[in-house]
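Just model-v1.pdb here, PDB, C-alpha atoms:
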```
ATOM      1  CA  MET A   1      36.772 -53.757   4.301  1.00  0.00           C
ATOM      2  CA  ILE A   2      38.681 -57.024   3.595  1.00  0.00           C
ATOM      3  CA  ASP A   3      37.368 -60.147   5.308  1.00  0.00           C
ATOM      4  CA  ARG A   4      39.944 -62.223   7.144  1.00  0.00           C
ATOM      5  CA  PRO A   5      39.430 -65.903   7.941  1.00  0.00           C
ATOM      6  CA  GLY A   6      37.719 -66.458  11.261  1.00  0.00           C
ATOM      7  CA  ARG A   7      36.427 -62.882  11.474  1.00  0.00           C
ATOM      8  CA  LYS A   8      32.953 -61.748  10.580  1.00  0.00           C
ATOM      9  CA  SER A   9      32.699 -58.648   8.497  1.00  0.00           C
ATOM     10  CA  GLU A  10      30.735 -55.765   9.988  1.00  0.00           C
ATOM     11  CA  PRO A  11      28.819 -53.164   8.007  1.00  0.00           C
ATOM     12  CA  GLU A  12      30.430 -49.772   7.912  1.00  0.00           C
ATOM     13  CA  VAL A  13      28.451 -47.122   9.785  1.00  0.00           C
ATOM     14  CA  SER A  14      29.094 -43.517   8.882  1.00  0.00           C
ATOM     15  CA  ALA A  15      28.946 -40.942  11.656  1.00  0.00           C
ATOM     16  CA  PRO A  16      25.926 -38.653  11.511  1.00  0.00           C
ATOM     17  CA  GLN A  17      26.777 -35.411   9.797  1.00  0.00           C
ATOM     18  CA  ASN A  18      24.990 -32.092   9.576  1.00  0.00           C
ATOM     19  CA  ASN A  19      24.579 -31.029   6.009  1.00  0.00           C
ATOM     20  CA  ALA A  20      25.396 -27.311   5.776  1.00  0.00           C
ATOM     21  CA  ALA A  21      22.602 -26.928   3.227  1.00  0.00           C
ATOM     22  CA  SER A  22      20.020 -28.208   5.702  1.00  0.00           C
ATOM     23  CA  GLY A  23      19.222 -26.944   9.157  1.00  0.00           C
ATOM     24  CA  THR A  24      17.739 -23.521   9.861  1.00  0.00           C
ATOM     25  CA  ARG A  25      19.314 -20.084   9.588  1.00  0.00           C
ATOM     26  CA  LEU A  26      20.174 -18.755  13.022  1.00  0.00           C
ATOM     27  CA  ASN A  27      18.142 -15.557  12.592  1.00  0.00           C
ATOM     28  CA  LYS A  28      15.068 -17.602  11.642  1.00  0.00           C
ATOM     29  CA  ALA A  29      15.552 -19.901  14.628  1.00  0.00           C
ATOM     30  CA  VAL A  30      15.843 -16.929  16.997  1.00  0.00           C
ATOM     31  CA  ALA A  31      12.694 -15.368  15.512  1.00  0.00           C
ATOM     32  CA  GLY A  32      10.939 -18.736  15.668  1.00  0.00           C
ATOM     33  CA  SER A  33      11.537 -18.870  19.416  1.00  0.00           C
ATOM     34  CA  GLY A  34       9.197 -15.893  19.753  1.00  0.00           C
ATOM     35  CA  LEU A  35      11.943 -13.577  21.030  1.00  0.00           C
ATOM     36  CA  CYS A  36      11.594 -11.022  18.225  1.00  0.00           C
ATOM     37  CA  ALA A  37      11.089 -10.513  14.505  1.00  0.00           C
ATOM     38  CA  ARG A  38      13.804 -11.737  12.119  1.00  0.00           C
ATOM     39  CA  ARG A  39      15.161  -8.265  11.355  1.00  0.00           C
ATOM     40  CA  LYS A  40      15.623  -7.615  15.084  1.00  0.00           C
ATOM     41  CA  ALA A  41      17.205 -11.080  15.402  1.00  0.00           C
ATOM     42  CA  ASP A  42      19.871  -9.963  12.904  1.00  0.00           C
ATOM     43  CA  GLU A  43      20.677  -6.958  15.103  1.00  0.00           C
ATOM     44  CA  LEU A  44      20.932  -9.092  18.245  1.00  0.00           C
ATOM     45  CA  ILE A  45      23.195 -11.611  16.512  1.00  0.00           C
ATOM     46  CA  PHE A  46      25.477  -8.918  15.067  1.00  0.00           C
ATOM     47  CA  ALA A  47      25.709  -7.437  18.568  1.00  0.00           C
ATOM     48  CA  GLY A  48      27.032 -10.732  19.936  1.00  0.00           C
ATOM     49  CA  ARG A  49      24.065 -11.378  22.197  1.00  0.00           C
ATOM     50  CA  VAL A  50      23.215 -14.813  20.765  1.00  0.00           C
ATOM     51  CA  SER A  51      25.227 -17.967  21.380  1.00  0.00           C
ATOM     52  CA  VAL A  52      25.147 -21.449  19.858  1.00  0.00           C
ATOM     53  CA  ASN A  53      26.279 -24.286  22.110  1.00  0.00           C
ATOM     54  CA  GLY A  54      27.885 -21.812  24.475  1.00  0.00           C
ATOM     55  CA  GLU A  55      29.846 -19.917  21.787  1.00  0.00           C
ATOM     56  CA  VAL A  56      28.885 -16.399  20.659  1.00  0.00           C
ATOM     57  CA  GLU A  57      27.744 -16.407  17.025  1.00  0.00           C
ATOM     58  CA  THR A  58      27.606 -13.193  14.964  1.00  0.00           C
ATOM     59  CA  ASN A  59      26.588 -14.702  11.622  1.00  0.00           C
ATOM     60  CA  PRO A  60      22.781 -14.634  11.133  1.00  0.00           C
ATOM     61  CA  ALA A  61      23.118 -17.112   8.228  1.00  0.00           C
ATOM     62  CA  ARG A  62      24.784 -19.781  10.393  1.00  0.00           C
ATOM     63  CA  ARG A  63      22.860 -23.027  10.094  1.00  0.00           C
ATOM     64  CA  VAL A  64      21.621 -24.541  13.338  1.00  0.00           C
ATOM     65  CA  PHE A  65      19.987 -27.867  14.074  1.00  0.00           C
ATOM     66  CA  PRO A  66      17.501 -29.207  16.634  1.00  0.00           C
ATOM     67  CA  GLN A  67      20.301 -30.539  18.827  1.00  0.00           C
ATOM     68  CA  ASP A  68      21.990 -27.106  19.033  1.00  0.00           C
ATOM     69  CA  ALA A  69      21.470 -25.077  22.215  1.00  0.00           C
ATOM     70  CA  LEU A  70      20.651 -21.425  21.527  1.00  0.00           C
ATOM     71  CA  ALA A  71      20.806 -18.677  24.130  1.00  0.00           C
ATOM     72  CA  PHE A  72      20.163 -14.938  24.274  1.00  0.00           C
ATOM     73  CA  ASP A  73      22.198 -12.966  26.807  1.00  0.00           C
ATOM     74  CA  GLY A  74      23.060 -16.297  28.393  1.00  0.00           C
ATOM     75  CA  LYS A  75      19.447 -17.408  28.803  1.00  0.00           C
ATOM     76  CA  PRO A  76      18.287 -20.485  26.832  1.00  0.00           C
ATOM     77  CA  LEU A  77      15.896 -19.847  23.955  1.00  0.00           C
ATOM     78  CA  ALA A  78      12.846 -22.031  23.536  1.00  0.00           C
ATOM     79  CA  GLY A  79      12.328 -24.015  20.368  1.00  0.00           C
ATOM     80  CA  ALA A  80      10.186 -22.730  17.552  1.00  0.00           C
ATOM     81  CA  GLN A  81       6.599 -22.083  18.609  1.00  0.00           C
ATOM     82  CA  LYS A  82       3.536 -22.776  16.557  1.00  0.00           C
ATOM     83  CA  ARG A  83       2.555 -19.776  14.492  1.00  0.00           C
ATOM     84  CA  VAL A  84      -0.203 -17.662  16.027  1.00  0.00           C
ATOM     85  CA  CYS A  85      -1.750 -14.778  14.099  1.00  0.00           C
ATOM     86  CA  LEU A  86      -4.637 -12.763  15.518  1.00  0.00           C
ATOM     87  CA  ILE A  87      -6.567  -9.728  14.392  1.00  0.00           C
ATOM     88  CA  LEU A  88      -7.554  -7.506  17.311  1.00  0.00           C
ATOM     89  CA  ASN A  89     -10.115  -4.733  17.129  1.00  0.00           C
ATOM     90  CA  LYS A  90      -8.139  -2.376  19.360  1.00  0.00           C
ATOM     91  CA  PRO A  91     -10.399  -0.138  21.421  1.00  0.00           C
ATOM     92  CA  ALA A  92      -9.612   3.558  21.851  1.00  0.00           C
ATOM     93  CA  GLY A  93      -7.757   4.301  25.080  1.00  0.00           C
ATOM     94  CA  VAL A  94      -5.407   1.309  24.752  1.00  0.00           C
ATOM     95  CA  VAL A  95      -1.675   1.383  23.962  1.00  0.00           C
ATOM     96  CA  SER A  96      -0.305  -0.696  21.067  1.00  0.00           C
ATOM     97  CA  THR A  97       2.602  -2.135  23.055  1.00  0.00           C
ATOM     98  CA  VAL A  98       3.279  -5.304  25.019  1.00  0.00           C
ATOM     99  CA  LYS A  99       3.636  -3.342  28.263  1.00  0.00           C
ATOM    100  CA  ASP A 100       3.089   0.272  29.292  1.00  0.00           C
ATOM    101  CA  PRO A 101       5.296   1.919  31.952  1.00  0.00           C
ATOM    102  CA  GLU A 102       2.364   4.200  32.860  1.00  0.00           C
ATOM    103  CA  GLY A 103       0.131   1.236  33.617  1.00  0.00           C
ATOM    104  CA  ARG A 104      -2.421   1.985  30.890  1.00  0.00           C
ATOM    105  CA  PRO A 105      -4.339  -0.872  29.248  1.00  0.00           C
ATOM    106  CA  SER A 106      -2.286  -2.668  26.590  1.00  0.00           C
ATOM    107  CA  VAL A 107      -3.361  -4.632  23.518  1.00  0.00           C
ATOM    108  CA  MET A 108      -1.935  -7.713  25.252  1.00  0.00           C
ATOM    109  CA  ASP A 109      -4.741  -7.479  27.802  1.00  0.00           C
ATOM    110  CA  PHE A 110      -7.129  -8.610  25.044  1.00  0.00           C
ATOM    111  CA  VAL A 111      -5.212 -11.750  24.019  1.00  0.00           C
ATOM    112  CA  PRO A 112      -7.131 -14.958  24.905  1.00  0.00           C
ATOM    113  CA  PRO A 113      -5.678 -16.483  28.119  1.00  0.00           C
ATOM    114  CA  GLU A 114      -4.660 -19.711  26.380  1.00  0.00           C
ATOM    115  CA  LEU A 115      -2.406 -17.744  23.961  1.00  0.00           C
ATOM    116  CA  ARG A 116      -0.667 -15.418  26.413  1.00  0.00           C
ATOM    117  CA  GLY A 117       2.362 -17.700  26.611  1.00  0.00           C
ATOM    118  CA  CYS A 118       2.997 -17.509  22.849  1.00  0.00           C
ATOM    119  CA  ARG A 119       5.110 -14.322  22.960  1.00  0.00           C
ATOM    120  CA  LEU A 120       2.823 -12.367  20.675  1.00  0.00           C
ATOM    121  CA  TYR A 121       3.645  -8.795  19.726  1.00  0.00           C
ATOM    122  CA  PRO A 122       1.756  -6.143  17.734  1.00  0.00           C
ATOM    123  CA  VAL A 123       2.663  -5.440  14.120  1.00  0.00           C
ATOM    124  CA  GLY A 124       2.696  -1.665  13.669  1.00  0.00           C
ATOM    125  CA  ARG A 125       0.743   0.630  15.930  1.00  0.00           C
ATOM    126  CA  LEU A 126      -2.452   2.547  16.380  1.00  0.00           C
ATOM    127  CA  ASP A 127      -2.164   5.603  18.593  1.00  0.00           C
ATOM    128  CA  PHE A 128      -3.790   5.686  22.027  1.00  0.00           C
ATOM    129  CA  PHE A 129      -6.982   7.399  20.858  1.00  0.00           C
ATOM    130  CA  SER A 130      -7.404   5.399  17.618  1.00  0.00           C
ATOM    131  CA  GLN A 131      -9.114   2.052  17.229  1.00  0.00           C
ATOM    132  CA  GLY A 132      -9.489  -0.790  14.784  1.00  0.00           C
ATOM    133  CA  LEU A 133      -7.496  -3.510  13.092  1.00  0.00           C
ATOM    134  CA  LEU A 134      -4.177  -4.535  14.627  1.00  0.00           C
ATOM    135  CA  LEU A 135      -2.299  -7.765  13.926  1.00  0.00           C
ATOM    136  CA  LEU A 136      -0.746  -9.709  16.810  1.00  0.00           C
ATOM    137  CA  THR A 137       1.650 -12.536  15.946  1.00  0.00           C
ATOM    138  CA  ASN A 138       4.740 -14.460  16.975  1.00  0.00           C
ATOM    139  CA  ASP A 139       5.790 -14.951  13.329  1.00  0.00           C
ATOM    140  CA  GLY A 140       8.557 -12.497  12.442  1.00  0.00           C
ATOM    141  CA  ASP A 141       8.421 -13.227   8.709  1.00  0.00           C
ATOM    142  CA  LEU A 142       4.689 -12.620   8.548  1.00  0.00           C
ATOM    143  CA  ALA A 143       5.089  -9.408  10.540  1.00  0.00           C
ATOM    144  CA  LEU A 144       7.708  -8.155   8.078  1.00  0.00           C
ATOM    145  CA  LYS A 145       5.493  -8.917   5.091  1.00  0.00           C
ATOM    146  CA  LEU A 146       2.678  -6.854   6.588  1.00  0.00           C
ATOM    147  CA  ALA A 147       4.634  -3.957   8.063  1.00  0.00           C
ATOM    148  CA  HIS A 148       7.492  -3.249   5.657  1.00  0.00           C
ATOM    149  CA  PRO A 149       6.799  -0.487   3.087  1.00  0.00           C
ATOM    150  CA  ARG A 150       8.284  -2.463   0.188  1.00  0.00           C
ATOM    151  CA  TYR A 151       5.359  -4.904   0.304  1.00  0.00           C
ATOM    152  CA  GLU A 152       2.917  -2.019  -0.275  1.00  0.00           C
ATOM    153  CA  HIS A 153       0.020  -3.152   1.885  1.00  0.00           C
ATOM    154  CA  PRO A 154      -2.401  -0.202   1.909  1.00  0.00           C
ATOM    155  CA  LYS A 155      -4.120   0.752   5.158  1.00  0.00           C
ATOM    156  CA  THR A 156      -7.696   2.022   5.061  1.00  0.00           C
ATOM    157  CA  TYR A 157      -9.303   4.130   7.798  1.00  0.00           C
ATOM    158  CA  GLU A 158     -12.735   5.522   8.494  1.00  0.00           C
ATOM    159  CA  VAL A 159     -12.372   8.991   9.967  1.00  0.00           C
ATOM    160  CA  LEU A 160     -15.254  10.933  11.508  1.00  0.00           C
ATOM    161  CA  VAL A 161     -14.582  14.666  11.284  1.00  0.00           C
ATOM    162  CA  ARG A 162     -16.495  17.472  12.989  1.00  0.00           C
ATOM    163  CA  GLY A 163     -18.717  19.505  10.698  1.00  0.00           C
ATOM    164  CA  ASN A 164     -18.338  19.837   6.948  1.00  0.00           C
ATOM    165  CA  VAL A 165     -15.174  18.880   5.046  1.00  0.00           C
ATOM    166  CA  PRO A 166     -14.549  21.096   2.020  1.00  0.00           C
ATOM    167  CA  GLU A 167     -13.814  19.356  -1.271  1.00  0.00           C
ATOM    168  CA  ALA A 168     -10.553  21.320  -1.482  1.00  0.00           C
ATOM    169  CA  ALA A 169      -9.250  19.414   1.562  1.00  0.00           C
ATOM    170  CA  LEU A 170      -9.889  16.081  -0.148  1.00  0.00           C
ATOM    171  CA  VAL A 171      -8.213  17.309  -3.335  1.00  0.00           C
ATOM    172  CA  GLU A 172      -5.116  18.296  -1.366  1.00  0.00           C
ATOM    173  CA  MET A 173      -4.949  14.861   0.270  1.00  0.00           C
ATOM    174  CA  ARG A 174      -5.306  13.132  -3.095  1.00  0.00           C
ATOM    175  CA  ARG A 175      -2.519  15.058  -4.806  1.00  0.00           C
ATOM    176  CA  GLY A 176      -0.020  14.621  -1.963  1.00  0.00           C
ATOM    177  CA  MET A 177       0.450  17.133   0.833  1.00  0.00           C
ATOM    178  CA  ARG A 178       3.440  18.948   2.226  1.00  0.00           C
ATOM    179  CA  LEU A 179       2.947  19.228   5.982  1.00  0.00           C
ATOM    180  CA  GLU A 180       3.789  22.385   7.876  1.00  0.00           C
ATOM    181  CA  ASP A 181       6.894  20.677   9.295  1.00  0.00           C
ATOM    182  CA  GLY A 182       8.141  20.056   5.734  1.00  0.00           C
ATOM    183  CA  THR A 183       7.241  16.361   5.511  1.00  0.00           C
ATOM    184  CA  GLU A 184       6.289  15.315   1.979  1.00  0.00           C
ATOM    185  CA  LEU A 185       3.340  12.925   1.773  1.00  0.00           C
ATOM    186  CA  LEU A 186       2.387  10.556  -1.011  1.00  0.00           C
ATOM    187  CA  PRO A 187      -1.122  10.897  -2.447  1.00  0.00           C
ATOM    188  CA  VAL A 188      -3.859   9.503  -0.210  1.00  0.00           C
ATOM    189  CA  GLY A 189      -7.075   7.888  -1.368  1.00  0.00           C
ATOM    190  CA  ALA A 190      -9.769  10.162   0.074  1.00  0.00           C
ATOM    191  CA  GLU A 191     -13.513   9.524  -0.266  1.00  0.00           C
ATOM    192  CA  MET A 192     -16.523  11.182   1.345  1.00  0.00           C
ATOM    193  CA  GLN A 193     -18.720   8.465   2.874  1.00  0.00           C
ATOM    194  CA  LYS A 194     -21.401  10.484   4.682  1.00  0.00           C
ATOM    195  CA  ARG A 195     -22.065  14.165   5.127  1.00  0.00           C
ATOM    196  CA  GLY A 196     -24.315  15.689   7.767  1.00  0.00           C
ATOM    197  CA  GLN A 197     -23.690  17.415  11.053  1.00  0.00           C
ATOM    198  CA  ASN A 198     -20.318  15.620  10.900  1.00  0.00           C
ATOM    199  CA  THR A 199     -18.485  14.053   7.964  1.00  0.00           C
ATOM    200  CA  LEU A 200     -17.328  10.446   7.579  1.00  0.00           C
ATOM    201  CA  LEU A 201     -14.253  10.016   5.391  1.00  0.00           C
ATOM    202  CA  ARG A 202     -12.542   6.899   4.084  1.00  0.00           C
ATOM    203  CA  LEU A 203      -8.784   7.406   3.731  1.00  0.00           C
ATOM    204  CA  THR A 204      -6.359   4.883   2.212  1.00  0.00           C
ATOM    205  CA  LEU A 205      -2.649   5.272   2.967  1.00  0.00           C
ATOM    206  CA  ARG A 206       0.340   3.549   1.384  1.00  0.00           C
ATOM    207  CA  GLN A 207       2.971   5.558   3.230  1.00  0.00           C
ATOM    208  CA  GLY A 208       1.874   5.223   6.842  1.00  0.00           C
ATOM    209  CA  LEU A 209       4.004   7.789   8.643  1.00  0.00           C
ATOM    210  CA  ASN A 210       3.580   8.132  12.387  1.00  0.00           C
ATOM    211  CA  ARG A 211       0.197   9.733  13.161  1.00  0.00           C
ATOM    212  CA  GLN A 212      -0.096  10.682   9.503  1.00  0.00           C
ATOM    213  CA  ILE A 213      -3.882  11.139   9.397  1.00  0.00           C
ATOM    214  CA  ARG A 214      -3.937  13.264  12.535  1.00  0.00           C
ATOM    215  CA  ARG A 215      -1.105  15.451  11.209  1.00  0.00           C
ATOM    216  CA  MET A 216      -2.847  15.853   7.837  1.00  0.00           C
ATOM    217  CA  CYS A 217      -6.148  16.814   9.413  1.00  0.00           C
ATOM    218  CA  ALA A 218      -4.488  19.251  11.829  1.00  0.00           C
ATOM    219  CA  ASP A 219      -2.845  21.064   8.897  1.00  0.00           C
ATOM    220  CA  LEU A 220      -6.208  21.187   7.109  1.00  0.00           C
ATOM    221  CA  CYS A 221      -7.997  22.495  10.252  1.00  0.00           C
ATOM    222  CA  LEU A 222     -10.139  19.331  10.512  1.00  0.00           C
ATOM    223  CA  VAL A 223     -11.105  18.055  13.972  1.00  0.00           C
ATOM    224  CA  ILE A 224     -11.113  14.241  14.251  1.00  0.00           C
ATOM    225  CA  LEU A 225     -13.866  12.744  16.403  1.00  0.00           C
ATOM    226  CA  LYS A 226     -13.126   9.086  15.677  1.00  0.00           C
ATOM    227  CA  LEU A 227     -10.375   7.273  13.772  1.00  0.00           C
ATOM    228  CA  GLU A 228     -10.677   3.563  12.984  1.00  0.00           C
ATOM    229  CA  ARG A 229      -8.492   1.310  10.826  1.00  0.00           C
ATOM    230  CA  ILE A 230     -10.775  -1.052   8.922  1.00  0.00           C
ATOM    231  CA  SER A 231      -8.291  -2.896   6.691  1.00  0.00           C
ATOM    232  CA  GLN A 232      -4.604  -3.510   6.116  1.00  0.00           C
ATOM    233  CA  GLY A 233      -3.534  -5.281   2.953  1.00  0.00           C
ATOM    234  CA  PRO A 234      -5.731  -8.388   2.596  1.00  0.00           C
ATOM    235  CA  LEU A 235      -6.859  -8.229   6.238  1.00  0.00           C
ATOM    236  CA  GLU A 236     -10.264  -6.744   7.036  1.00  0.00           C
ATOM    237  CA  LEU A 237     -11.793  -5.850  10.390  1.00  0.00           C
ATOM    238  CA  GLY A 238     -15.316  -6.768   9.325  1.00  0.00           C
ATOM    239  CA  ARG A 239     -17.810  -6.988  12.177  1.00  0.00           C
ATOM    240  CA  LEU A 240     -15.273  -7.881  14.854  1.00  0.00           C
ATOM    241  CA  ALA A 241     -16.356  -6.078  18.034  1.00  0.00           C
ATOM    242  CA  PRO A 242     -13.950  -3.734  19.886  1.00  0.00           C
ATOM    243  CA  GLY A 243     -11.732  -5.690  22.279  1.00  0.00           C
ATOM    244  CA  ASN A 244     -12.303  -8.997  20.457  1.00  0.00           C
ATOM    245  CA  THR A 245      -9.827 -11.086  18.469  1.00  0.00           C
ATOM    246  CA  ARG A 246     -10.013 -13.668  15.711  1.00  0.00           C
ATOM    247  CA  ALA A 247      -7.424 -15.953  14.124  1.00  0.00           C
ATOM    248  CA  LEU A 248      -6.279 -15.257  10.581  1.00  0.00           C
ATOM    249  CA  THR A 249      -7.621 -17.686   8.021  1.00  0.00           C
ATOM    250  CA  ASP A 250      -5.275 -19.903   5.998  1.00  0.00           C
ATOM    251  CA  ASP A 251      -6.125 -17.847   2.901  1.00  0.00           C
ATOM    252  CA  GLU A 252      -5.195 -14.592   4.653  1.00  0.00           C
ATOM    253  CA  ILE A 253      -1.842 -16.021   5.788  1.00  0.00           C
ATOM    254  CA  ALA A 254      -1.114 -17.399   2.325  1.00  0.00           C
ATOM    255  CA  GLU A 255      -1.881 -14.032   0.742  1.00  0.00           C
ATOM    256  CA  LEU A 256       0.457 -12.224   3.140  1.00  0.00           C
ATOM    257  CA  LEU A 257       3.274 -14.709   2.528  1.00  0.00           C
TER
END
```
For this file, write the structure as structure tokens.
Amino acid sequence: MIDRPGRKSEPEVSAPQNNAASGTRLNKAVAGSGLCARRKADELIFAGRVSVNGEVETNPARRVFPQDALAFDGKPLAGAQKRVCLILNKPAGVVSTVKDPEGRPSVMDFVPPELRGCRLYPVGRLDFFSQGLLLLTNDGDLALKLAHPRYEHPKTYEVLVRGNVPEAALVEMRRGMRLEDGTELLPVGAEMQKRGQNTLLRLTLRQGLNRQIRRMCADLCLVILKLERISQGPLELGRLAPGNTRALTDDEIAELL
């Protein structure tokens, strides 16, 4: 700027600009609101159900900023919540869903009251009659790291089976089974823990198909009396009592991420 006589020069002030390299990806912002995991956020954005400042946005990589107003199906989305990660020892007779249309107890019934507004959801499932370790979180990225097969987090179960389990059944599990319905299974780590009137097995899965252990045992004519997940990746159930929760440690979160 050129100074003219009788006029004071003023400093130039540049208008605030949003750097496209900063901000947050839209799918991460949607997941951070607690609405869903990031992969599901991609689907919702592609479907045109998310808007930014009143305009539908179908690009999950769009950068958004704190001043932007996000909405899902026309309803405003909250800002990013603090990350909450809990391990629950799910009791048997409880569904692994946020709500149950049949009115059965849900894992959400065991969330501490002060955390029930954090939009937690279960990562993976344990069937109605199974118990043990289940992660509850509002962090979509952390959920993906634990649940997606490409991260290869093994799941270990203790399975109490009626009567004696022949060694041949364990050998078949270890080499990889072909179920009666034609499903091919990867090899399973199978160890005999205790043998007596009933048999306690420890099974480690890397594949994790729906109800895999129950389907395997049914094909091998083994009757399951109790099925409990005791670990998943770096997470361990330990001595956590059924129906109780505990927060993940910083080391556990770091190892998952």
Quiz item: What's the 8 Å shell around stretch 70-80 of chain A, counting only C-alpha atoms, without same-chain residues fewer than 5 positions away, as a ChimeraX atom specification?
Solution: /A:29-30,32-35,49-54
Could you please take those selected residues and save C-alpha atoms as a CSV table (one decimal), in the coordinates of the input?
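The file below, part28.csv, is the result:
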```csv
chain,number,residue,atom,x,y,z
A,29,ALA,CA,15.6,-19.9,14.6
A,30,VAL,CA,15.8,-16.9,17.0
A,32,GLY,CA,10.9,-18.7,15.7
A,33,SER,CA,11.5,-18.9,19.4
A,34,GLY,CA,9.2,-15.9,19.8
A,35,LEU,CA,11.9,-13.6,21.0
A,49,ARG,CA,24.1,-11.4,22.2
A,50,VAL,CA,23.2,-14.8,20.8
A,51,SER,CA,25.2,-18.0,21.4
A,52,VAL,CA,25.1,-21.4,19.9
A,53,ASN,CA,26.3,-24.3,22.1
A,54,GLY,CA,27.9,-21.8,24.5
```
Practice problem: Extract, using all atoms listed in the file, all DNA, RNA and protein residues at most 7 Å from A:His153, discarding same-chain residues fewer than 4 positions from it, and format them as JSON, numbers by chain. | Solution: {"A": [146, 206, 232, 233]}
Exercise. Would you kindly return, as a count of residues only, each protein, DNA or RNA residue with an atom no farther than 8 Å from any atom of stretch 163-168 of chain A, considering only C-alpha atoms and excluding same-chain residues fewer than 6 positions away?
Key: 6
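Candidate residues A:Gly189, A:Gly140, A:Gly182, A:Gly176 were compared for distance to A:Leu257, and the nearest is A:Gly140, using only C-alpha atoms.
Selecting by distance to (-8.5, 23.5, 5.2) with a limit of 6 Å and using all atoms listed in the file, one obtains A:Ala169, A:Leu220, A:Cys221.
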Restricting the output to C-alpha atoms, write the selected residues as a compact mmCIF listing (two decimals), in the coordinates of the input.
```txt
# COMPACT_ATOMS: atom_id res chain seq x y z
CA ALA A 169 -9.25 19.41 1.56
CA LEU A 220 -6.21 21.19 7.11
CA CYS A 221 -8.00 22.50 10.25
```
Quiz prompt | Nearest to A:Ala241, chosen from A:Leu133, A:Ala218, A:Leu200, A:Val159, with only C-alpha atoms counted in the distances | solution = A:Leu133
Practice problem: Select, from A:Ala254, A:Ala190, A:Ala147, A:Ala247, the residue with the minimum atom-to-atom distance to A:Val111, counting all atoms listed in the file. | Solution: A:Ala247
Practice problem: Pull out every residue that the PyMOL selection byres ((chain A and resi 216) around 10) matches in the shown coordinates and put them as an NGL selection string. | Solution: :A and (169 or 172-173 or 177-180 or 185 or 211-215 or 217-222)
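Separating atom CA of A:Ala47 from atom CA of A:Gly23 is a distance of 22.6 Å.
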